[in-house]
Structure formats: C-alpha cells, structure tokens
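Asks: Sharing work26.txt, compact mmCIF, C-alpha atoms and all ligand atoms:
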```txt
# COMPACT_ATOMS: atom_id res chain seq x y z
CA MET A 1 -12.01 23.48 -6.27
CA MET A 2 -9.82 21.46 -4.00
CA GLN A 3 -10.78 21.66 -0.36
CA VAL A 4 -7.79 22.48 1.84
CA LEU A 5 -9.52 21.19 4.96
CA LYS A 6 -12.49 18.83 5.12
CA ILE A 7 -14.03 18.48 8.58
CA THR A 8 -15.95 15.30 9.48
CA GLN A 9 -17.62 14.73 12.83
CA LEU A 10 -16.97 11.15 13.97
CA ALA A 11 -18.57 11.23 17.43
CA GLU A 12 -20.16 13.81 19.70
CA ASN A 13 -16.73 15.04 20.82
CA LEU A 14 -14.50 13.95 17.96
CA TRP A 15 -13.75 15.43 14.56
CA ALA A 16 -11.37 14.47 11.78
CA LEU A 17 -9.66 17.30 9.90
CA ASP A 18 -8.66 15.97 6.50
CA GLU A 19 -6.03 18.23 4.96
CA ILE A 20 -5.88 18.09 1.14
CA SER A 21 -6.95 14.41 1.27
CA LYS A 22 -3.49 13.68 2.63
CA THR A 23 -3.33 13.95 6.41
CA ASN A 24 -5.93 13.29 9.10
CA MET A 25 -5.72 15.47 12.17
CA PHE A 26 -8.17 14.93 15.04
CA VAL A 27 -9.94 17.29 17.42
CA ILE A 28 -11.01 15.68 20.72
CA LYS A 29 -13.21 17.80 22.96
CA GLY A 30 -13.12 17.02 26.66
CA SER A 31 -15.05 18.85 29.37
CA LYS A 32 -12.03 21.00 30.33
CA TYR A 33 -9.59 20.91 27.41
CA VAL A 34 -9.53 20.25 23.70
CA LEU A 35 -6.77 18.11 22.23
CA LEU A 36 -5.58 18.64 18.67
CA VAL A 37 -3.77 15.56 17.40
CA ASP A 38 -1.24 16.64 14.73
CA THR A 39 -1.00 19.94 12.85
CA GLY A 40 -0.62 18.58 9.31
CA PHE A 41 1.13 20.71 6.71
CA GLY A 42 -0.21 23.77 8.53
CA LEU A 43 -2.20 25.02 5.55
CA SER A 44 -5.12 26.22 7.67
CA ASP A 45 -5.56 28.48 10.67
CA LEU A 46 -5.93 25.62 13.14
CA LYS A 47 -6.81 27.77 16.17
CA GLU A 48 -9.75 29.20 14.27
CA VAL A 49 -10.83 25.74 13.10
CA VAL A 50 -10.73 24.34 16.64
CA LYS A 51 -12.53 27.39 17.99
CA GLY A 52 -15.22 26.95 15.35
CA LEU A 53 -15.84 23.40 16.55
CA CYS A 54 -15.35 23.71 20.31
CA GLY A 55 -15.72 27.39 21.17
CA ASP A 56 -13.31 29.23 23.42
CA MET A 57 -11.69 26.35 25.28
CA PRO A 58 -8.03 25.85 26.21
CA VAL A 59 -6.33 23.71 23.58
CA LYS A 60 -3.53 21.18 23.98
CA VAL A 61 -1.61 20.02 20.92
CA ILE A 62 0.28 16.79 20.32
CA ASN A 63 2.09 15.23 17.35
CA THR A 64 1.88 11.49 16.65
CA HIS A 65 5.40 11.86 15.21
CA ALA A 66 7.75 14.49 13.83
CA HIS A 67 7.16 14.28 10.09
CA LEU A 68 6.43 17.31 7.95
CA ASP A 69 2.93 16.18 7.00
CA HIS A 70 2.01 16.00 10.71
CA ASP A 71 3.84 18.87 12.43
CA SER A 72 4.29 21.73 9.96
CA GLY A 73 1.51 23.74 11.63
CA ASN A 74 3.22 23.53 15.03
CA ASN A 75 4.33 27.18 14.84
CA GLN A 76 0.69 28.23 15.22
CA PHE A 77 0.95 27.12 18.86
CA ASP A 78 3.22 28.01 21.77
CA THR A 79 3.65 24.47 23.04
CA VAL A 80 3.32 21.14 21.27
CA MET A 81 3.82 17.71 22.81
CA VAL A 82 5.76 15.07 20.90
CA GLY A 83 7.21 11.64 21.71
CA TRP A 84 10.56 12.23 23.39
CA HIS A 85 12.54 10.36 20.77
CA ASP A 86 11.22 12.66 18.00
CA GLU A 87 11.92 15.81 20.01
CA LEU A 88 15.03 16.78 18.06
CA ALA A 89 13.31 16.30 14.70
CA ALA A 90 10.39 18.42 15.96
CA LEU A 91 12.72 21.36 16.65
CA TRP A 92 14.07 21.57 13.12
CA PRO A 93 12.50 24.00 10.69
CA LEU A 94 11.75 22.66 7.21
CA SER A 95 14.65 23.17 4.84
CA GLU A 96 14.03 24.87 1.51
CA ALA A 97 14.47 21.45 -0.14
CA GLU A 98 11.75 19.95 2.08
CA LYS A 99 9.45 22.86 1.36
CA LEU A 100 9.98 22.36 -2.34
CA ARG A 101 9.29 18.65 -1.93
CA CYS A 102 5.93 19.44 -0.31
CA ILE A 103 5.03 21.94 -2.98
CA THR A 104 5.86 19.68 -5.91
CA GLY A 105 4.83 16.40 -4.29
CA PHE A 106 1.60 17.32 -2.51
CA PHE A 107 0.34 20.79 -3.27
CA GLY A 108 0.01 20.55 -7.06
CA PRO A 109 -3.80 20.30 -7.24
CA MET A 110 -4.22 23.20 -4.77
CA LEU A 111 -1.91 25.45 -6.70
CA LYS A 112 -3.79 24.69 -9.89
CA ASP A 113 -6.90 25.89 -8.06
CA GLY A 114 -5.20 29.16 -7.18
CA TYR A 115 -4.04 28.58 -3.58
CA ASP A 116 -1.55 31.29 -2.71
CA LEU A 117 1.57 29.60 -1.35
CA ASN A 118 2.64 32.85 0.32
CA GLN A 119 -0.01 31.99 2.91
CA TRP A 120 1.97 28.88 3.81
CA ASN A 121 4.32 29.42 6.70
CA PRO A 122 5.37 26.05 8.20
CA GLY A 123 7.60 25.88 11.26
CA PRO A 124 8.33 24.31 14.64
CA ALA A 125 6.50 25.24 17.85
CA LYS A 126 8.15 27.78 20.14
CA HIS A 127 8.31 25.11 22.79
CA ILE A 128 8.34 21.32 22.43
CA GLU A 129 7.15 19.28 25.38
CA PRO A 130 8.50 15.74 25.12
CA VAL A 131 6.15 12.98 26.32
CA SER A 132 6.76 9.34 27.12
CA ALA A 133 4.99 6.19 28.26
CA GLU A 134 2.85 6.68 31.39
CA ASP A 135 2.11 10.30 30.49
CA ARG A 136 -1.59 11.12 30.57
CA ILE A 137 -3.38 13.88 28.74
CA ASP A 138 -6.29 14.80 30.94
CA LEU A 139 -9.10 16.58 29.11
CA GLY A 140 -11.55 16.51 32.03
CA ASP A 141 -14.13 13.82 31.32
CA MET A 142 -11.69 11.83 29.22
CA CYS A 143 -8.03 11.02 29.54
CA LEU A 144 -5.64 9.85 26.86
CA GLU A 145 -2.76 7.55 27.68
CA VAL A 146 0.50 8.05 25.81
CA ILE A 147 1.89 4.79 24.45
CA GLU A 148 5.41 4.81 23.06
CA THR A 149 5.24 2.96 19.76
CA PRO A 150 8.65 3.16 18.07
CA GLY A 151 8.28 2.04 14.46
CA HIS A 152 7.46 4.40 11.59
CA THR A 153 9.64 6.85 13.52
CA CYS A 154 11.53 6.08 16.73
CA GLY A 155 9.48 8.69 18.59
CA SER A 156 6.07 7.67 17.24
CA ILE A 157 3.39 7.59 19.90
CA SER A 158 -0.15 6.25 20.01
CA LEU A 159 -2.91 7.68 22.18
CA PHE A 160 -5.47 5.51 23.92
CA GLU A 161 -8.68 6.54 25.67
CA PRO A 162 -9.59 3.37 27.59
CA ASN A 163 -13.19 4.23 28.49
CA LEU A 164 -14.15 5.08 24.94
CA GLY A 165 -11.88 2.48 23.31
CA TRP A 166 -10.37 5.10 21.00
CA LEU A 167 -6.86 4.43 19.72
CA PHE A 168 -4.99 7.03 17.64
CA THR A 169 -2.06 5.39 15.87
CA GLY A 170 -0.53 8.07 13.61
CA ASP A 171 1.34 6.39 10.75
CA MET A 172 1.99 3.10 12.56
CA ILE A 173 -0.94 1.32 10.87
CA LEU A 174 -2.62 2.32 7.60
CA THR A 175 -4.84 0.71 4.99
CA TRP A 176 -1.89 0.79 2.58
CA GLU A 177 1.71 -0.21 3.25
CA VAL A 178 3.34 1.73 6.08
CA TRP A 179 6.90 2.99 5.90
CA GLY A 180 9.11 1.20 8.37
CA GLN A 181 12.24 1.58 6.24
CA LEU A 182 13.00 5.28 6.77
CA THR A 183 16.69 5.98 7.23
CA ARG A 184 17.01 9.71 6.84
CA GLY A 185 19.29 10.37 9.77
CA ALA A 186 17.73 12.20 12.71
CA PHE A 187 14.81 13.46 10.66
CA GLY A 188 12.23 11.08 12.08
CA SER A 189 13.74 7.80 10.87
CA SER A 190 12.19 4.40 11.54
CA SER A 191 13.15 2.02 14.31
CA CYS A 192 14.52 -1.38 13.38
CA LEU A 193 11.71 -3.77 12.45
CA ARG A 194 12.03 -5.84 15.63
CA TYR A 195 11.03 -2.81 17.71
CA TYR A 196 8.28 -1.83 15.26
CA SER A 197 6.99 -5.36 15.74
CA ARG A 198 7.18 -5.04 19.51
CA SER A 199 5.09 -1.86 19.38
CA LEU A 200 2.49 -3.60 17.21
CA ASN A 201 2.41 -6.54 19.62
CA PHE A 202 1.63 -4.15 22.43
CA LEU A 203 -1.14 -2.45 20.44
CA GLU A 204 -2.52 -5.91 19.65
CA SER A 205 -2.64 -6.65 23.40
CA LEU A 206 -5.11 -3.73 23.76
CA LEU A 207 -7.42 -5.30 21.17
CA PRO A 208 -10.17 -6.42 23.59
CA LYS A 209 -10.48 -2.84 24.90
CA VAL A 210 -10.28 -1.05 21.52
CA LYS A 211 -13.41 -0.01 19.65
CA ASP A 212 -11.98 2.27 16.97
CA VAL A 213 -8.53 2.81 15.50
CA PHE A 214 -7.96 6.27 14.01
CA PRO A 215 -5.08 6.49 11.49
CA ALA A 216 -3.32 9.67 10.35
CA HIS A 217 -3.94 8.85 6.68
CA GLY A 218 -6.76 7.17 4.84
CA LYS A 219 -8.47 6.82 1.51
CA ASP A 220 -11.99 7.61 0.40
CA ILE A 221 -12.47 4.71 -1.99
CA ASP A 222 -11.68 0.99 -2.18
CA ASN A 223 -11.67 0.51 1.58
CA PRO A 224 -12.34 -2.99 2.94
CA PRO A 225 -15.76 -3.37 4.60
CA GLY A 226 -15.82 -1.62 7.96
CA TYR A 227 -12.95 0.74 7.07
CA THR A 228 -13.30 4.44 6.25
CA HIS A 229 -10.94 7.31 5.52
CA TYR A 230 -10.73 8.00 9.26
CA ARG A 231 -11.50 4.80 11.11
CA MET A 232 -10.34 1.20 11.13
CA PRO A 233 -11.87 -1.74 13.03
CA PRO A 234 -9.80 -3.21 15.92
CA ASP A 235 -8.98 -6.34 13.90
CA ILE A 236 -6.38 -4.25 12.04
CA LEU A 237 -4.22 -4.51 15.19
CA ARG A 238 -4.09 -8.30 14.81
CA ILE A 239 -3.39 -8.09 11.07
CA TYR A 240 -0.40 -5.76 11.54
CA ALA A 241 1.02 -7.49 14.59
CA GLN A 242 0.82 -10.95 13.01
CA GLY A 243 2.05 -9.78 9.61
CA THR A 244 5.07 -8.00 11.07
CA ARG A 245 5.97 -10.91 13.38
CA ASP A 246 6.07 -13.12 10.28
CA ILE A 247 8.68 -10.82 8.71
CA VAL A 248 10.79 -10.62 11.87
CA ASN A 249 10.65 -14.41 12.24
CA GLY A 250 11.83 -14.86 8.65
CA LYS A 251 8.62 -16.55 7.46
CA VAL A 252 7.99 -14.02 4.70
CA LYS A 253 10.30 -11.66 2.83
CA GLY A 254 7.96 -9.84 0.43
CA GLU A 255 9.04 -8.08 -2.71
CA PRO A 256 11.50 -5.32 -3.62
CA TYR A 257 10.09 -1.88 -2.83
CA ASP A 258 11.11 1.61 -3.81
CA SER A 259 9.52 4.92 -2.82
CA MET A 260 10.15 8.51 -1.84
CA GLY A 261 10.77 7.06 1.64
CA GLY A 262 13.60 4.86 0.47
CA PHE A 263 14.37 1.43 -0.89
CA GLY A 264 13.70 -1.87 0.87
CA ARG A 265 11.27 -4.74 0.71
CA CYS A 266 7.52 -4.85 1.30
CA VAL A 267 5.16 -7.50 2.57
CA TYR A 268 1.48 -6.86 1.85
CA PHE A 269 -1.07 -7.96 4.44
CA GLU A 270 -4.78 -8.75 4.16
CA VAL A 271 -5.13 -4.99 4.75
CA GLY A 272 -2.11 -2.68 4.43
CA GLY A 273 1.44 -3.92 4.59
CA MET A 274 4.94 -3.24 5.85
CA ALA A 275 7.84 -1.67 3.96
CA TYR A 276 11.07 -2.49 5.75
CA ASN A 277 14.81 -2.56 5.41
CA PRO A 278 16.04 -6.19 5.42
CA ASP A 279 19.33 -5.01 6.90
CA ARG A 280 17.51 -3.45 9.87
CA ILE A 281 15.48 -6.27 11.36
ZN ZN A 301 2.38 10.74 7.55
```
In structure tokens, what does this structure look like?
Ligand SMILES: [Zn+2]

Replies:
Amino acid sequence: MMQVLKITQLAENLWALDEISKTNMFVIKGSKYVLLVDTGFGLSDLKEVVKGLCGDMPVKVINTHAHLDHDSGNNQFDTVMVGWHDELAALWPLSEAEKLRCITGFFGPMLKDGYDLNQWNPGPAKHIEPVSAEDRIDLGDMCLEVIETPGHTCGSISLFEPNLGWLFTGDMILTWEVWGQLTRGAFGSSSCLRYYSRSLNFLESLLPKVKDVFPAHGKDIDNPPGYTHYRMPPDILRIYAQGTRDIVNGKVKGEPYDSMGGFGRCVYFEVGGMAYNPDRI
C-alpha cells in the first residue's frame, strides 16, 4: 500500500512530511508558533497532521514557491505566505488540465492502491500574504529569515534560521537536475539563469553559517554520502553556485534536455545539475 504521507522527525522540533515520495513539506515547531513549509499536493488533512505532531498551537504556513506540488493544499488554511513575485501564480486555482496532469503523472500508484480521488480538493488559500527579503517569521525561540532566491521560479524563497544553521531551499537545489528553464507564462516560470546564479551565489555566501540544507524533493536511494531524502550537507551550496556560474560564464554548455518542464540544455554537477534555457542567460 502506498503511503500518502510519511512523517520523519529530523530534529527535536523539525519534521519532514514526505507526500507520495514526491514532495517534502516541513513542520518547524517554535515555542509560540508552528511553521508549515509548503502544502504539497494537499492529499492529507494538514491541520490534523500538524496538530498530531505539535498539539494545539497556532500555525503559520508558507510556500517556497507557487507550483502545484507545493501549494495545492493551501485552501486548507486561511492565510498562506508566498514570495511576492509568485503571488499571482498562488492565487490561481488549478485548471482541469493541471489536475489531470497530476492524476496521470503522479497519482498512478495511489489510485492503483484504491485512493479515492474525490477526497482530493486542491485550491488556493483564501488570503495570500506576499513576503520579501528582510521579512522574518518569528516562531518564539527561533526566527526564520526570508531570502528572495529568484531561480526555479521568480518568486522562489529560501528560509534561513541562523542560530540553528537550517536552510530550506525549496526547489532551488536538489540532488538531481533542477528546472531553471520553465517558461510557462505567469504560472511560476523561472528567472533568467543570471539571476538564478545570483541567488545561488548568495546562498553560497551563507555557507559558513549553514549546518543543514533541506530540499523540497529528495530520493531514498543512490544518494551521495552525507545526503538523505530530506537533508543535504552545506557543500551542496558551493557545488550549485560554482556549477551555475560556469554556465553563465560560458565555460560549459551541457547537453540537450527535454522534460515535462520544457526543452533546453542541462549541465550535470558533481551532485545535481541545472536545466536551463540557453536563450535566457
Ligand atoms: Zn517541486
């Protein structure tokens, strides 16, 4: 039976919620508030899940970016924060075509196991609260800094807790090639590569203060030493920043690349890689 949601405790106050082995959401429990990072496809009752882990505490919700595998559960909450440049995309309900794409592309194994799709009711939050650089999400005994990291989408944000050295990077950095080539109009499209690179350079500058990097996707097997489904070592910041600079500077061009996210080229790094549009550097 396929598990819709697998919960893994990563630290005393941190849990990863792995939805259908596809998307990692995170629950961060502060002394005053709980923060839920992303709402995935929205296949589970997220309020109940958070309550089960943290008890009856007030919950804040934020999206790393406005893509359907990260924000489709937003309608379970009144207010969801999102990077200001993804605000418009976060307001749009999923079209029937997008719903069908999820069902055929991602939900196959669940349906085979008898999951009733009538339970699935994705949608935008009643209220979107745009956030930008300098915003702080105060949870009481910990405080997350919003970092604007245009790249995978123009409104992608990363969250940094400086005392703990925790960095949540959404889809900016993964153990497989990231999509920096998205050109689907306003629906969460990528920035040009030069700005993706700039974001990665900034994340690299945090390297001495970072202990753990938490990505929004991961894999269970074939991870390099020190990497897990939910956690990457800080050195990944150097690998991505250097690798992407080399593309922007014309040192490497990679190979032709085609995917559901569009056509372009891809350069593979020591870990992960960058899919990009050579006309948008
Ligand atoms: Zn994603």

Asks: Once you count all atoms listed in the file, what closest atom pair and distance in Å to one decimal does each residue of chain A within 7 Å of ligand ZN 301 (chain A) have, with rows by chain and rising residue number, as CSV?

Replies:
```
residue,atom,partner,partner_atom,distance
A:Thr23,CA,A:ZN301,ZN,6.6
A:His67,CA,A:ZN301,ZN,6.5
A:Asp69,CA,A:ZN301,ZN,5.5
A:His70,CA,A:ZN301,ZN,6.1
A:Asp171,CA,A:ZN301,ZN,5.5
A:Ala216,CA,A:ZN301,ZN,6.4
A:His217,CA,A:ZN301,ZN,6.7
```

Asks: What would the file look like if the residues just selected were written as an mmCIF file, in the frame of the given file with C-alpha atoms?

Replies:
```
data_model
loop_
_atom_site.group_PDB
_atom_site.id
_atom_site.type_symbol
_atom_site.label_atom_id
_atom_site.label_comp_id
_atom_site.auth_asym_id
_atom_site.auth_seq_id
_atom_site.Cartn_x
_atom_site.Cartn_y
_atom_site.Cartn_z
ATOM 1 C CA THR A 23 -3.330 13.950 6.410
ATOM 2 C CA HIS A 67 7.160 14.280 10.090
ATOM 3 C CA ASP A 69 2.930 16.180 7.000
ATOM 4 C CA HIS A 70 2.010 16.000 10.710
ATOM 5 C CA ASP A 171 1.340 6.390 10.750
ATOM 6 C CA ALA A 216 -3.320 9.670 10.350
ATOM 7 C CA HIS A 217 -3.940 8.850 6.680
#
```

Asks: Find the residues near A:Thr244: any atom within 12 Å, counting all atoms listed in the file, skip ones fewer than 5 places away on the same chain, and give them as a PyMOL selection string.

Replies: chain A and resi 151+172-173+177-178+180+192-201+204+237-239+249-254+266-269+272-276+281

Asks: Nearest to A:Leu35: which of A:Leu5, A:Ile157, A:Val49, A:Leu144 is it, counting only C-alpha atoms?

Replies: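 Residue with the minimum atom-to-atom distance to A:Leu35: A:Leu144.
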
Asks: How big is the axis-aligned box around the listed atoms of stretch 21-35 of chain A once 3 Å is added on each side, and where is its centre? Give both in Å to one decimal, as JSON.

Replies:
```
{"center_x": -9.2, "center_y": 17.1, "center_z": 15.8, "size_x": 17.7, "size_y": 13.7, "size_z": 35.1}
```

Asks: How many Å separate atom CA of A:Glu87 from atom CA of A:Ser72?

Replies: 13.9 Å

Asks: Given all atoms listed in the file as the basis, pick out the residue of A:Thr169, A:Val4, A:Leu206, A:Ile247 nearest to A:Phe107.

Replies: A:Val4

Asks: Let me make sure I understand: among A:Gly218, A:Pro130, A:Pro124, A:Gly140, which one has the smallest atom-to-atom distance to A:Asn24 if we use only C-alpha atoms?

Replies: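 Checking each candidate against A:Asn24, we get A:Gly218 as the closest.
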
Asks: Find the spatial neighbours of A:Asp235, counting only C-alpha atoms, within a cut-off of 12 Å - ignore same-chain residues fewer than 5 positions away - and output them as a list of chain:residue names.

Replies: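 In the requested format, the answer is A:Ile173, A:Leu203, A:Glu204, A:Ser205, A:Leu206, A:Leu207, A:Pro208, A:Lys209, A:Val210, A:Lys211, A:Asp212, A:Val213, A:Pro224, A:Pro225, A:Gly226, A:Tyr227, A:Tyr240, A:Ala241, A:Gln242, A:Glu270, A:Val271.
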
Asks: Can you patch up stretch 129-140 of chain A, filling it in to all heavy atoms, and show the result as a compact mmCIF listing (two decimals), in the frame of the given file?

Replies:
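See rebuild.txt below for the written result:
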```txt
# COMPACT_ATOMS: atom_id res chain seq x y z
N GLU A 129 7.25 19.99 24.10
CA GLU A 129 7.15 19.28 25.38
C GLU A 129 7.23 17.79 25.10
O GLU A 129 6.27 17.20 24.60
CB GLU A 129 5.82 19.64 26.04
CG GLU A 129 5.69 19.15 27.45
CD GLU A 129 4.33 19.52 28.04
OE1 GLU A 129 3.83 20.63 27.77
OE2 GLU A 129 3.77 18.67 28.74
N PRO A 130 8.37 17.16 25.41
CA PRO A 130 8.50 15.74 25.12
C PRO A 130 7.61 14.91 26.05
O PRO A 130 7.48 15.22 27.23
CB PRO A 130 9.98 15.43 25.40
CG PRO A 130 10.64 16.74 25.62
CD PRO A 130 9.59 17.71 26.03
N VAL A 131 6.98 13.87 25.50
CA VAL A 131 6.15 12.98 26.32
C VAL A 131 6.66 11.55 26.17
O VAL A 131 7.36 11.22 25.19
CB VAL A 131 4.65 13.04 25.93
CG1 VAL A 131 4.07 14.41 26.25
CG2 VAL A 131 4.44 12.68 24.46
N SER A 132 6.31 10.73 27.15
CA SER A 132 6.76 9.34 27.12
C SER A 132 5.67 8.45 27.72
O SER A 132 4.64 8.95 28.18
CB SER A 132 8.08 9.19 27.88
OG SER A 132 7.90 9.60 29.21
N ALA A 133 5.94 7.15 27.72
CA ALA A 133 4.99 6.19 28.26
C ALA A 133 4.60 6.60 29.67
O ALA A 133 5.42 7.16 30.40
CB ALA A 133 5.62 4.81 28.28
N GLU A 134 3.39 6.34 30.06
CA GLU A 134 2.85 6.68 31.39
C GLU A 134 2.32 8.11 31.43
O GLU A 134 1.60 8.46 32.36
CB GLU A 134 3.85 6.51 32.55
CG GLU A 134 4.72 5.27 32.48
CD GLU A 134 3.95 3.99 32.77
OE1 GLU A 134 3.26 3.96 33.78
OE2 GLU A 134 4.05 3.06 31.95
N ASP A 135 2.69 8.96 30.48
CA ASP A 135 2.11 10.30 30.49
C ASP A 135 0.62 10.20 30.16
O ASP A 135 0.20 9.35 29.39
CB ASP A 135 2.81 11.21 29.47
CG ASP A 135 4.10 11.81 30.02
OD1 ASP A 135 4.18 11.96 31.25
OD2 ASP A 135 5.01 12.11 29.24
N ARG A 136 -0.13 11.09 30.78
CA ARG A 136 -1.59 11.12 30.57
C ARG A 136 -1.97 12.51 30.11
O ARG A 136 -1.48 13.49 30.65
CB ARG A 136 -2.33 10.83 31.87
CG ARG A 136 -2.00 9.48 32.50
CD ARG A 136 -2.87 8.40 31.87
NE ARG A 136 -2.56 7.09 32.40
CZ ARG A 136 -1.56 6.31 31.97
NH1 ARG A 136 -0.76 6.73 31.01
NH2 ARG A 136 -1.36 5.12 32.48
N ILE A 137 -2.88 12.58 29.16
CA ILE A 137 -3.38 13.88 28.74
C ILE A 137 -4.82 13.98 29.19
O ILE A 137 -5.72 13.37 28.61
CB ILE A 137 -3.23 14.05 27.22
CG1 ILE A 137 -1.73 13.90 26.87
CG2 ILE A 137 -3.72 15.41 26.77
CD1 ILE A 137 -1.48 13.61 25.43
N ASP A 138 -4.99 14.73 30.27
CA ASP A 138 -6.29 14.80 30.94
C ASP A 138 -7.12 15.93 30.32
O ASP A 138 -6.72 17.09 30.37
CB ASP A 138 -6.05 15.05 32.44
CG ASP A 138 -7.32 14.89 33.24
OD1 ASP A 138 -8.41 14.74 32.64
OD2 ASP A 138 -7.22 14.91 34.49
N LEU A 139 -8.24 15.57 29.74
CA LEU A 139 -9.10 16.58 29.11
C LEU A 139 -10.33 16.87 29.96
O LEU A 139 -11.23 17.57 29.52
CB LEU A 139 -9.53 16.11 27.71
CG LEU A 139 -8.41 15.73 26.74
CD1 LEU A 139 -8.99 15.33 25.39
CD2 LEU A 139 -7.41 16.88 26.56
N GLY A 140 -10.39 16.31 31.17
CA GLY A 140 -11.55 16.51 32.03
C GLY A 140 -12.32 15.20 32.13
O GLY A 140 -11.98 14.34 32.93
```
